[in-house]
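Peer 1: Structure incoming, see below.
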Amino acid sequence: MTMTPAIKIEQVTKDFGALKALKGIDLSIEQGEFFALLGPNGAGKSTLINLLAGLLRPSSGKLSVMGYDVVSQYAQARQLLGVVPQELVFDPFFNVREMLRFQAGYFGRGPENDAWVDEVIESLGLTDKAHVNMRRLSGGMKRRALIAQALAHKPPVIVLDEPTAGVDVELRQTMWAFIQRLNREGHTIILTTHYLEEAEVLCSRVAMMKSGQIVALDTTANLLKHIPGKQLRVTMAPGSVLPVVIAALVRHRDGDIYTFGLTDVTQVADVLAELRQAQLVFTDMQLLEADLEDVFVDMVGRA
Amino acid sequence: MSSLISARMRGPWTLFKKELLRFWRVSFQTVAAPVMTALLYLLIFSHVLDKHVQVYDGVGYTAFLIPGLIMMSVLQNAFANSSSSLIQSKVMGSIIFVMLTPLSYLEFFLAFLAASIIRGLVVGLCIYLVAIIFIDLPIAHPGFILAFAFLGSALLGAFGIIAGIWADKFDQMAAFQNFIIMPLSFLSGVFYSIHSLPPVWQTVSHFNPFFYMIDGFRYGFFGQGDISPALSLLVVGISFLLLSWLALRMLKSGYKLRG
Ligand SMILES: Nc1ncnc2c1ncn2[C@@H]1O[C@H](COP(=O)(O)OP(=O)(O)OP(=O)(O)O)[C@@H](O)[C@H]1O
Ligand SMILES: [Mg+2]
């Protein structure tokens, strides 16, 4: 028996006039996944999310949430979806608790849901601010309220578009702890972020987008394998010219700081031997683990 | 109260409640201010004209003026409610909180419409209650009074929804107010009977839907008007259906709301 995917995106394109913001996206996200959508500014992440949320309509292709088409069965699809928009929007007429109750109410939730609303308020550190008008909240607090609003009806599929932008370290931790708990309880989580270490720690699977296309899609573990396991960072004396043999191994150069990608730790000795043979002097040396950022820079740079 | 609402109805009911609270929270500006404006008109025009003008037999000018002012305020405020709520939430971006929900376009329409009707009726009722402290006002046909107040505020509430969806900026909305709503309401016979106008302007007035609403509403008080109240009711009813149809079409297509 196969479970209905939480999100299914088939052959989706989106044009804004002449601009092709999405150029044929295919993506399926299983129920219970913790999934990251990465990519540089303008890659099309928010556009894809807005299509899922029904805020935009696809130029072609189909999207569904838990098996419900987001266009033809929009009521069911939206009922199951909670979206944290990237833009910091708020309704200046109401306080935090009122907004959350309204938001739950739009989804048909009544007083029986109030305990959950209070739990969300508590878990996101908004208890002190529950009676404060949205207008009077600081930027980070507005962001928390925005996240809380997406969770108010306890949706099984939660999409967070850069939820940690402008948020302090403490909240990032409490927020991710809460989201991770929801994930353990079976909620599907999809997030976009520019903090790659967040995606690396939290997400089991990652899609990387660039210019409206998915350029890499794999488990976080496999993507990290793509990149040679270790990296050697060497700071050379100014003006050094590397021997051709090892120059081929350089993945990244920043002035006189060269980063070599290695498939094997034994290569460290080879690199050092070559340097010595060419009589080149280096002032510093570090051995590093590859992280998602390397994959990202690699994939996005290449595609 | 809310426990009596079924889960199916709770979505639109919540939106309606939120729209009511939105204007009620700032009722000084949304209710007290328009009541004050209407009373100022009443004070000034009645002072200047009461001795000189008699529109209907046995009806003083001040009495004649009151239903027109009430209706004008009902219409303007019904329009202001839906249009300003929509343009504000569009400019602020908070409209997406509603767009993300399973609410249908019809539920969206009805919630905004109902809140507009309530705002219009509340303002109208307040003006009426203050006015009758000073002036005797007969009530010949309460049914017509209620029907025109209700349909009129619904018509302008629907028009406000259209304007709110269409406008992208506050100044476009101000243009709607200044170049459509204000002229139509001032040239509708609030301050005069159209029979006192030259024939050309009488004809022109018949193309103004505000004229029918004001005349029919006034008929409810005095039992006299410029034209038959049944005809007015028909015109207002048909106009309401046309604007509602247009508003629903815009909402269904996602015009300006879902790109
Ligand atoms: N409503 C719109 N009208 C026209 N162009 C748009 C619209 N929304 C997005 N775009 C364009 O589509 C492309 C993708 O934008 P999108 O917001 O999806 O990027 P993103 O991956 O979310 O970027 P970021 O990391 O900056 O949030 C960009 O070139 C953007 O300018
Ligand atoms: Mg974005």
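Here's how to read the names in the structure tokens: chain A, B, ... by the order shown, residue numbers from 1 in each chain, ligand numbers from 1 in the order shown.
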Step by step, measure atom-to-atom distances between ligand 2 and each residue using only C-alpha atoms and all ligand atoms, keep those at most 8 Å, then write them as a ChimeraX atom specification.

Peer 2: /A:41-47,86,161-162,192

Peer 1: Tell me the residues of chain B close to chain A, meaning within 12 Å using only C-alpha atoms, as a PyMOL selection string.

Peer 2: chain B and resi 1-26+85-86+88-105+107-108+111+252-259

Peer 1: For A:Asn222, please output as a PDB file with N, CA and C atoms, in the first residue's frame all residues within 12 Å (counting only C-alpha atoms; exclusion window: fewer than 6 positions along the same chain).

Peer 2:
ATOM      1  N   GLU A 200      20.428  21.370   6.991  1.00  0.00           N
ATOM      2  CA  GLU A 200      21.279  20.202   7.178  1.00  0.00           C
ATOM      3  C   GLU A 200      20.911  19.444   8.453  1.00  0.00           C
ATOM      4  N   SER A 204      15.404  15.788   6.236  1.00  0.00           N
ATOM      5  CA  SER A 204      15.855  14.495   5.756  1.00  0.00           C
ATOM      6  C   SER A 204      16.071  14.541   4.250  1.00  0.00           C
ATOM      7  N   ARG A 205      15.364  15.470   3.583  1.00  0.00           N
ATOM      8  CA  ARG A 205      15.518  15.538   2.131  1.00  0.00           C
ATOM      9  C   ARG A 205      15.545  16.994   1.687  1.00  0.00           C
ATOM     10  N   VAL A 206      16.247  17.224   0.596  1.00  0.00           N
ATOM     11  CA  VAL A 206      16.498  18.585   0.150  1.00  0.00           C
ATOM     12  C   VAL A 206      16.286  18.684  -1.359  1.00  0.00           C
ATOM     13  N   ALA A 207      15.613  19.756  -1.793  1.00  0.00           N
ATOM     14  CA  ALA A 207      15.596  20.080  -3.222  1.00  0.00           C
ATOM     15  C   ALA A 207      16.309  21.403  -3.381  1.00  0.00           C
ATOM     16  N   ALA A 216      18.895  19.787  -7.934  1.00  0.00           N
ATOM     17  CA  ALA A 216      19.330  18.629  -7.153  1.00  0.00           C
ATOM     18  C   ALA A 216      18.187  18.247  -6.233  1.00  0.00           C
ATOM     19  N   PRO A 228      33.095  15.470  -2.139  1.00  0.00           N
ATOM     20  CA  PRO A 228      34.130  14.681  -1.491  1.00  0.00           C
ATOM     21  C   PRO A 228      34.106  14.911   0.011  1.00  0.00           C
ATOM     22  N   GLY A 229      34.272  13.839   0.745  1.00  0.00           N
ATOM     23  CA  GLY A 229      34.063  13.855   2.179  1.00  0.00           C
ATOM     24  C   GLY A 229      34.788  14.948   2.941  1.00  0.00           C
ATOM     25  N   ASP A 291      29.926  20.448   4.104  1.00  0.00           N
ATOM     26  CA  ASP A 291      28.570  20.658   4.594  1.00  0.00           C
ATOM     27  C   ASP A 291      27.659  21.028   3.427  1.00  0.00           C
ATOM     28  N   LEU A 292      26.391  21.204   3.764  1.00  0.00           N
ATOM     29  CA  LEU A 292      25.405  21.430   2.719  1.00  0.00           C
ATOM     30  C   LEU A 292      25.724  22.670   1.898  1.00  0.00           C
ATOM     31  N   VAL A 295      27.715  21.715  -1.057  1.00  0.00           N
ATOM     32  CA  VAL A 295      26.871  21.096  -2.069  1.00  0.00           C
ATOM     33  C   VAL A 295      26.123  22.189  -2.811  1.00  0.00           C
TER      34      VAL A 295
END

Peer 1: When DSSP works through the backbone of this structure, what residues of stretch 68-189 of chain A end up as strand (DSSP E), shown as an NGL selection string?

Peer 2: :A and (68-69 or 81-84 or 157-161 or 188-189)

Peer 1: Would you mind telling me which residue in A:Arg181, A:Lys129, A:Lys23, A:Lys62 lies nearest to ligand 1 when using only C-alpha atoms and all ligand atoms?

Peer 2: A:Lys23

Peer 1: As a ChimeraX atom specification, list the residues of stretch 175-232 of chain A assigned to helix (DSSP H, G or I) by DSSP on the backbone atoms of this structure.

Peer 2: /A:175-184,196-202,220-226

Peer 1: Which of these residues is nearest to A:Gly39, using only C-alpha atoms: A:Thr259, A:Gln213, A:Thr2, A:Ser123?

Peer 2: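 Looking only at the distances to A:Gly39, the closest residue turns out to be A:Gln213.
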
Peer 1: Counting only C-alpha atoms, which residue out of A:Arg97, A:Arg276, A:Lys225, A:Lys8 sits closest to A:Trp116?

Peer 2: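 Residue with the minimum atom-to-atom distance to A:Trp116: A:Arg97.
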
Peer 1: Here is a test: counting only C-alpha atoms and all ligand atoms, which residue of A:Ala6, A:Met175, A:Ile49, A:Val12 is nearest to ligand 1?

Peer 2: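 Result for the nearest residue to ligand 1: A:Ile49.
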
Peer 1: Taking only C-alpha atoms and all ligand atoms into account, name the residue in A:Ser138, A:Thr174, A:Ser64, A:Thr13 that is nearest to ligand 1.

Peer 2: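 Using only C-alpha atoms and all ligand atoms, the shortest distance to ligand 1 belongs to A:Thr13.
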
Peer 1: Smallest atom-to-atom distance to ligand 1: which of A:Ala130, A:Val281, A:Leu160, A:Leu151, using only C-alpha atoms and all ligand atoms?

Peer 2: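 Using only C-alpha atoms and all ligand atoms, the shortest distance to ligand 1 belongs to A:Leu160.
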
Peer 1: Using only C-alpha atoms, determine which residues lie at most 10 Å from A:Ala237, disregarding the query and same-chain residues fewer than 3 positions distant; provide the list as a PyMOL selection string.

Peer 2: chain A and resi 234+240-241+256-257+280-284

Peer 1: Write the residues of the selection above to a file with C-alpha atoms, as a PDB file, in the first residue's frame.

Peer 2:
ATOM      1  CA  VAL A 234      45.504  25.923   2.880  1.00  0.00           C
ATOM      2  CA  SER A 240      52.183  31.223  -5.006  1.00  0.00           C
ATOM      3  CA  VAL A 241      51.332  29.325  -8.198  1.00  0.00           C
ATOM      4  CA  ASP A 256      45.635  33.000  -1.246  1.00  0.00           C
ATOM      5  CA  ILE A 257      43.296  30.634   0.593  1.00  0.00           C
ATOM      6  CA  LEU A 280      55.827  26.572  -1.961  1.00  0.00           C
ATOM      7  CA  VAL A 281      55.332  27.962   1.528  1.00  0.00           C
ATOM      8  CA  PHE A 282      52.014  27.846   3.333  1.00  0.00           C
ATOM      9  CA  THR A 283      51.113  29.735   6.506  1.00  0.00           C
ATOM     10  CA  ASP A 284      48.048  27.831   7.668  1.00  0.00           C
TER      11      ASP A 284
END

Peer 1: Tell me which protein, DNA and RNA residues are within 8 Å of stretch 114-119 of chain B, counting only C-alpha atoms, leaving out same-chain ones fewer than 2 positions away, and put them as an MDAnalysis selection string.

Peer 2: chainID B and resid 16:17 19:20 23 31 74 77:82 110:112 121:123 150 153:154 157

Peer 1: Given the selection you just returned, output its residues as a file containing C-alpha atoms, formatted as a PDB file, in the first residue's frame.

Peer 2:
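What follows is the written file part_36.pdb:
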ATOM      1  CA  PHE B  16     -18.216  38.382   9.112  1.00  0.00           C
ATOM      2  CA  LYS B  17     -17.482  38.779  12.826  1.00  0.00           C
ATOM      3  CA  GLU B  19     -15.259  42.532   9.582  1.00  0.00           C
ATOM      4  CA  LEU B  20     -17.799  43.784  12.131  1.00  0.00           C
ATOM      5  CA  PHE B  23     -15.176  48.868  12.084  1.00  0.00           C
ATOM      6  CA  VAL B  31     -19.956  55.542  13.058  1.00  0.00           C
ATOM      7  CA  VAL B  74     -26.235  54.523   4.876  1.00  0.00           C
ATOM      8  CA  ASN B  77     -20.855  53.968   4.850  1.00  0.00           C
ATOM      9  CA  ALA B  78     -21.851  50.621   3.387  1.00  0.00           C
ATOM     10  CA  PHE B  79     -19.529  51.407   0.484  1.00  0.00           C
ATOM     11  CA  ALA B  80     -16.757  52.623   2.766  1.00  0.00           C
ATOM     12  CA  ASN B  81     -16.866  49.483   4.883  1.00  0.00           C
ATOM     13  CA  SER B  82     -16.166  46.829   2.272  1.00  0.00           C
ATOM     14  CA  LEU B 110     -21.424  37.296   1.805  1.00  0.00           C
ATOM     15  CA  ALA B 111     -19.254  38.006   4.855  1.00  0.00           C
ATOM     16  CA  PHE B 112     -18.043  41.345   3.480  1.00  0.00           C
ATOM     17  CA  LEU B 121     -27.768  50.351   9.038  1.00  0.00           C
ATOM     18  CA  VAL B 122     -26.026  51.260  12.304  1.00  0.00           C
ATOM     19  CA  VAL B 123     -25.004  54.676  10.967  1.00  0.00           C
ATOM     20  CA  PHE B 150     -31.324  47.031   3.508  1.00  0.00           C
ATOM     21  CA  SER B 153     -26.633  49.193   1.844  1.00  0.00           C
ATOM     22  CA  ALA B 154     -26.315  45.797   0.158  1.00  0.00           C
ATOM     23  CA  GLY B 157     -21.583  47.035  -0.025  1.00  0.00           C
TER      24      GLY B 157
END
